[in-house]
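Contents: one structure, followed by commentary.
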Amino acid sequence: MQQTMAKTLLPSKGPLLGGKGWTAFFVALIAVCALAPLLNMATAPGSALHMSDYAVALVGKIMCYAICALAMDLIWGYTGILSLGHGLFFTLGGYVMGMYLMRQIGRDGSYKSDLPDFMVFLDWKELPWHWTFSGSFVATLILIVLVPALVAFVFGFFAFRSRIKGVYFSIITQALTFAAMLLFFRNETGFGGNNGFTDFKRILGIPMQTQEMRMTLFVITGLTLLGFFLFSKWLVGSKFGRVLQAIRDAETRVMFSGYSPLGYKLTIWVISAVMCGIAGALYVPQVGIINPSEMSTGNSIEFAIWAAVGGRATLIGPILGAFIVNGAKSWLTVAYPEYWLYFLGALFIVVTLFLPDGIVGLAKKWLSKAKAEPSEARVEAQRSVAVEQGVEPAALSPMPVETGGARA
Amino acid sequence: MQQRRSGTAASVSGMTIAFTGFTMLRRTLHRLLAASLLLLAALQAQALTSEQARAIASGDSEDRIAALNKAVETADDKTAAFIQALSDDAVKTSGDEVFVMKDDKAYDPVSGAELKLPDDADDVINNNLMRSALDAAQAALKLSSKDDKVRAEAAAALFKDPDESRVPIVEKALAAETNPKIKAQLELVRDAGMLTSADKAKRLASAIGLGANTSPDTKLLLNQRLADETDPEVKTAILASVAKIDATLVWGERINAVFSGISLGSVLLLSALGLAITYGLMGVINMAHGELMMIGAYATYVMQGVFQRFLPESLFGFYLVAAIPVSFLASALVGAILERGVIRFLYGRPLETLLATWGISLMLQQLVRSFFGAQNVGVENPAWMSGGLTMLSNVTLPWNRICIIVFAGLVLLAMGWLIGRTRLGLFVRGVTQNRPIASCMGVNTARIDTYAFALGSGIAGLAGCALSQIGNVGPDLGQNYIVDSFMVVVMGGVGQLAGTVYAAMGLGILNKFIEGWAGAVLAKIAVLVFIIIFIQKRPQGIFAVKGRSAEA
């Protein structure tokens, strides 16, 4: 990308993945589909190669987060729109799944009623309207995609049509999520209030608390993650993806070139929301609980830091980032609970100050030692843009052509 | 007071249940005895007798209350002292004898002679019913006090627990009363007592009389009676009175809503003013703004501790005055460090600033947890800020809220002066309007950035100081305000001080009015949704700067 953008010729479309890329992809595929189940189920619990149930649950959970990080990367890394509301879509997907799982409990709840326990507790006599389709698995699968998509579409349509961007957009997505969290905390909205949904028993009539079921969910999550990775790779390489990156780098110029950014932004926004929703739906059966605190402000911002740590505008970066940050989290919150927030806070600062391209960017830099000095032409261009905008050249964000990376 | 009473009520009810079994027989005996004694007491109509004392101190609650009310009619100083001892839980009984305890010694309630306390003496236990009867009896006795204030308080206490049996006492006091204000109060007490009378004429007079009062208590009283009332004429009179009270109450409610709206608005304004500088003028998205407020609140807490420990108690009321500059400086210092250490390197990259400052906010929260613990800390109101200003029967404006409104106004004026009239303000405006030109004119732009950021942070500290007086002070104090304060600044229009003021006040009042009929949480959601829709319509806020920039 770096070289091609400097040339005036349009780049030819390369293969989806390089030779090494495909090798790595298939290694990951085998690890998820064969190695993990083998290590978890076929080895003795005491052996050194054994993958404990705890590890399965943890990796499964992190893979869900990795999907979110990937979704975040599409909207932020490639389109330059920082959403602080992706926690909402994640939770929406989770709640749709949770509603189905609550219905699957059937009469095995504490109150032996057809209704979920919390509804009996609230003295409700029948299911509220939005639970209508929660009994059917197929409808649930459709709704997992449809609900976040619809919310994202309606919100995105109005926001992008009014050309709200940058920080404004971030702040109102945050407000949206905050409002939704307050709403979900209410008992009368029919989402179980503070406690949310938990105590799930079975999925499709099959008990959930078995090793086989956990492994199945793990494998499905892994496949989804890999699938989304390929999909994203295809998407950003397509013409559509190129326009997105152009919007990120200079939206006004894109408009002057005759493109309407609305459709592009809206499409990627909805795709990103749906990915988060699916991640949420996979997350709930593995973790066994969903409650409104998943929508808290902090959670959504953490999605962004996963992408940033790994490296924005790369696809492998966010996945790595999600694994590194969450791995550190699950280790630190147990070993040094006092220091976790210091670590996370420092991570935010260090990544933004010193690692604008994340770990992947750092690795690339180390691999290609040759650091190109900015050419004279670029310095000149930068100066002229600065004069045009009436600011110091240094105050301008570095010019996109120079870094090739994301500049938010 | 309230807490203590409910505590005893709980333990008393527990004990009553335990005793029920073996007191059944005793109770019937006592009831007979009490009835005969009452008859005797009424005939003799004299000062406190030992029979009266026994009837009041032992037996079934209802009989005790009846005996008490009877005794009050013919009360003397001894009766008053005995009732006082009863409500202080300083009375014991043994068989037929009643003892008043004072300094671990037992005395006879009638003669005042010291007695020997038998070993099997039981404490007299008063349940809630009995306690309110005792309070009322004491109030009735106080009606004959020489002090206007005591009488007024007594009348107010009696009004809370109206009973027809006390009407004669009130009538007596009414005849002797000279103070018109207390007279009016007593008339209400009489009317309230007569509301449950068996006599229809009395009820009617009472219902009409009560309409003159405008307090919510009277309305409650009337509504309670309305449920039991059978006579249509009295019913209409009650309804008329309720309507009359409602008409006045509705104004009180409106004033309350506006006041609490302005109060919330000034809190929003305080929390958004600092942001109006750092975000509005400088364009820095400071997610740690809430934590700077938290630092101000904790600085106030520290000042409170300093005053408690090192200075005489008489000066404690001034700790808040001392805390104002301290919280400003503490937050300003942290702000200056942040600007020099982190934010400086992120100018022109707003989204990355957002993430970095979020990281700072997490670290500051944890820092406060490490130093002060994860629990909320207690910050007291100084004595001169507690209490309130009563305007109508149902409108009391708390002093701490009034102080915050005034404080917000002062901070706003000071900030307006600083930005609009001083050299520093000129430089800040110059740098934000056109950085290179300001630099050419010899302004040290980097230093101005630090000053401006420190100023915004300091104002956040002031907001924290103010918030410590009305809410909890804890590590997550800032989190509760960050979304709100950004909303206010964005809504008002970035870089618009006047817009910030209008937005804060508008949102505050809107929030409180919706709260009136939808509840706090739904009001908050409605306001957030309103802002989201509003920003879609007017992305530049209420006051948009007109320009021709393509990026607008």
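Chain labels follow the order of the structure tokens: the first chain is A, the next B, and so on; residue numbering restarts at 1 in every chain, and ligands are counted from 1 in their shown order.
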Problem - Neighbours of chain A in chain B at 6 Å, counting only C-alpha atoms, as a list in words - result: Leu351, Glu352, Ala356, Gly359, Ile360, Leu362, Met363, Pro436, Ile525 and Gln536 of chain B
For stretch 48-65 of chain A, list every protein, DNA or RNA residue within 9 Å, evaluated using only C-alpha atoms, and leave out those in the same chain fewer than 4 positions away; present the list as a compact mmCIF listing (two decimals) with N, CA and C atoms, in the first residue's frame.
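Dumped to selection.txt:
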# COMPACT_ATOMS: atom_id res chain seq x y z
N ALA A 36 -6.89 -27.46 19.42
CA ALA A 36 -7.50 -27.08 20.70
C ALA A 36 -8.43 -28.17 21.23
N PRO A 37 -9.35 -28.69 20.38
CA PRO A 37 -10.21 -29.77 20.89
C PRO A 37 -9.40 -30.97 21.34
N LEU A 38 -8.35 -31.27 20.57
CA LEU A 38 -7.52 -32.43 20.90
C LEU A 38 -6.86 -32.25 22.26
N LEU A 39 -6.27 -31.07 22.44
CA LEU A 39 -5.55 -30.81 23.69
C LEU A 39 -6.49 -30.75 24.87
N ASN A 40 -7.70 -30.29 24.60
CA ASN A 40 -8.65 -30.15 25.70
C ASN A 40 -9.29 -31.47 26.06
N MET A 41 -9.66 -32.26 25.04
CA MET A 41 -10.50 -33.42 25.31
C MET A 41 -9.74 -34.73 25.33
N ALA A 42 -8.66 -34.81 24.54
CA ALA A 42 -8.01 -36.10 24.41
C ALA A 42 -6.85 -36.29 25.38
N THR A 43 -6.31 -35.18 25.90
CA THR A 43 -5.19 -35.35 26.82
C THR A 43 -5.69 -35.42 28.26
N ALA A 44 -4.85 -36.03 29.14
CA ALA A 44 -5.23 -36.16 30.54
C ALA A 44 -5.10 -34.79 31.20
N ALA A 69 -12.69 -6.23 17.99
CA ALA A 69 -11.53 -5.40 17.65
C ALA A 69 -11.42 -5.26 16.13
N LEU A 70 -11.72 -6.36 15.43
CA LEU A 70 -11.68 -6.35 13.97
C LEU A 70 -12.75 -5.38 13.44
N GLN A 211 -18.35 -30.53 28.26
CA GLN A 211 -17.10 -30.20 27.59
C GLN A 211 -17.30 -30.11 26.08
N ARG A 214 -18.95 -26.83 25.13
CA ARG A 214 -18.01 -25.71 25.24
C ARG A 214 -17.05 -25.70 24.05
N MET A 215 -16.58 -26.91 23.70
CA MET A 215 -15.62 -27.00 22.60
C MET A 215 -16.27 -26.62 21.28
N LEU A 217 -18.75 -24.52 20.85
CA LEU A 217 -18.87 -23.06 20.81
C LEU A 217 -17.52 -22.42 20.50
N PHE A 218 -16.48 -23.00 21.10
CA PHE A 218 -15.13 -22.50 20.88
C PHE A 218 -14.76 -22.56 19.40
N VAL A 219 -15.04 -23.71 18.82
CA VAL A 219 -14.68 -23.89 17.40
C VAL A 219 -15.50 -22.95 16.52
N THR A 221 -16.71 -20.08 17.34
CA THR A 221 -16.18 -18.73 17.51
C THR A 221 -14.90 -18.54 16.70
N GLY A 222 -14.02 -19.55 16.80
CA GLY A 222 -12.77 -19.47 16.05
C GLY A 222 -13.01 -19.37 14.56
N THR A 224 -15.70 -18.29 13.08
CA THR A 224 -16.30 -16.97 12.79
C THR A 224 -15.21 -15.92 12.70
N LEU A 225 -14.29 -15.96 13.66
CA LEU A 225 -13.22 -14.98 13.68
C LEU A 225 -12.39 -15.06 12.39
N CYS A 276 -19.97 -6.96 15.56
CA CYS A 276 -19.99 -6.87 17.02
C CYS A 276 -21.17 -7.64 17.60
N ILE A 278 -22.67 -10.24 16.36
CA ILE A 278 -22.41 -11.69 16.28
C ILE A 278 -21.42 -12.09 17.37
N ALA A 279 -20.40 -11.24 17.57
CA ALA A 279 -19.43 -11.52 18.63
C ALA A 279 -20.14 -11.62 19.97
N GLY A 280 -21.07 -10.68 20.20
CA GLY A 280 -21.81 -10.70 21.46
C GLY A 280 -22.62 -11.97 21.61
N ALA A 281 -23.26 -12.40 20.51
CA ALA A 281 -24.08 -13.60 20.56
C ALA A 281 -23.23 -14.83 20.86
N LEU A 282 -21.99 -14.86 20.37
CA LEU A 282 -21.12 -15.99 20.65
C LEU A 282 -20.56 -15.92 22.08
N TYR A 283 -20.45 -14.70 22.55
CA TYR A 283 -19.86 -14.46 23.87
C TYR A 283 -20.77 -14.97 24.98
N GLN A 286 -20.83 -18.68 26.03
CA GLN A 286 -19.54 -19.13 26.56
C GLN A 286 -19.28 -18.57 27.95
N VAL A 287 -19.70 -17.35 28.17
CA VAL A 287 -19.45 -16.72 29.47
C VAL A 287 -20.60 -17.02 30.44
N PHE A 303 -12.55 -1.53 23.37
CA PHE A 303 -12.51 -2.08 22.01
C PHE A 303 -11.48 -1.32 21.18
N TRP A 306 -7.84 -2.15 21.96
CA TRP A 306 -7.37 -3.42 21.40
C TRP A 306 -6.86 -3.20 19.98
N ILE A 319 -6.57 -8.29 16.11
CA ILE A 319 -6.73 -9.63 16.69
C ILE A 319 -5.63 -9.85 17.72
N ALA A 322 -6.32 -7.67 20.79
CA ALA A 322 -7.34 -8.21 21.68
C ALA A 322 -6.75 -9.32 22.55
N PHE A 323 -5.90 -10.17 21.93
CA PHE A 323 -5.31 -11.27 22.70
C PHE A 323 -4.32 -10.74 23.74
N ASN A 326 -6.28 -8.57 26.57
CA ASN A 326 -7.15 -9.38 27.42
C ASN A 326 -6.37 -10.47 28.16
N GLY A 327 -5.33 -10.97 27.50
CA GLY A 327 -4.47 -11.93 28.21
C GLY A 327 -3.85 -11.26 29.41
N SER A 330 -6.50 -10.77 32.14
CA SER A 330 -6.90 -11.92 32.97
C SER A 330 -5.76 -12.35 33.87
Completion exercise
Nearest to B:Ile285, restricted to only C-alpha atoms and choosing among B:Ser485, B:Thr357, B:Gln84, B:Thr500, comes out as B:Thr357
Handout entry: Contacts of B:Ala133 at 9 Å (only C-alpha atoms; same-chain gap of 5+ positions) as an NGL selection string
Key = :B and (65 or 68-69 or 128 or 138 or 161)
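The shortest atom-to-atom distance to B:Leu143, with only C-alpha atoms taken into account, belongs to B:Gln185 out of B:Gln185, B:Ser111, B:Leu226, B:Asp163.
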Exercise for the section: Using backbone DSSP assignments, extract all helix (DSSP H, G or I) residues from stretch 142-294 of chain A; output them as an NGL selection string. Expected result: :A and (142-161 or 166-185 or 187-189 or 193-195 or 211-237 or 239-249 or 251-256 or 261-287 or 292-294)
Problem - Pick from A:Asn291, A:Cys33, A:Lys329, A:Pro116, whichever lies nearest to A:Leu101 using only C-alpha atoms - result: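 Between A:Asn291, A:Cys33, A:Lys329, A:Pro116, the residue approaching A:Leu101 most closely is A:Pro116.
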Got a sec: who's within 8 Å of stretch 511-522 of chain B, counting only C-alpha atoms, leaving out chain neighbours fewer than 5 positions off, as a PDB file with C-alpha atoms, in the first residue's frame?
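What follows is the written file out_13.pdb:
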ATOM      1  CA  LEU A 182     -29.722   3.151  31.563  1.00  0.00           C
ATOM      2  CA  LEU A 183     -32.683   1.731  29.647  1.00  0.00           C
TER       3      LEU A 183
ATOM      4  CA  ALA B 257     -39.058  21.947  39.563  1.00  0.00           C
ATOM      5  CA  VAL B 258     -37.603  25.201  38.283  1.00  0.00           C
ATOM      6  CA  SER B 260     -34.035  21.952  41.098  1.00  0.00           C
ATOM      7  CA  GLY B 261     -33.668  22.450  37.348  1.00  0.00           C
ATOM      8  CA  VAL B 527     -32.579  14.116  27.540  1.00  0.00           C
TER       9      VAL B 527
END
Exercise for the section: To one decimal in Å, tell me the separation between atom CA of B:Asn223 and atom CA of B:Lys181. Expected result: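 The value is 25.4 Å.
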Problem - Atom-to-atom span, atom CA of B:Cys403 and atom CA of B:Met391, Å - result: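 Value for the atom CA of B:Cys403-atom CA of B:Met391 distance: 16.4 Å.
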Exercise for the section: Please measure the separation of atom CA of B:Ile56 and atom CA of B:Gln224, giving the value in Å to one decimal. Expected result: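 So the two atoms, atom CA of B:Ile56 and atom CA of B:Gln224, lie 28.9 Å apart.
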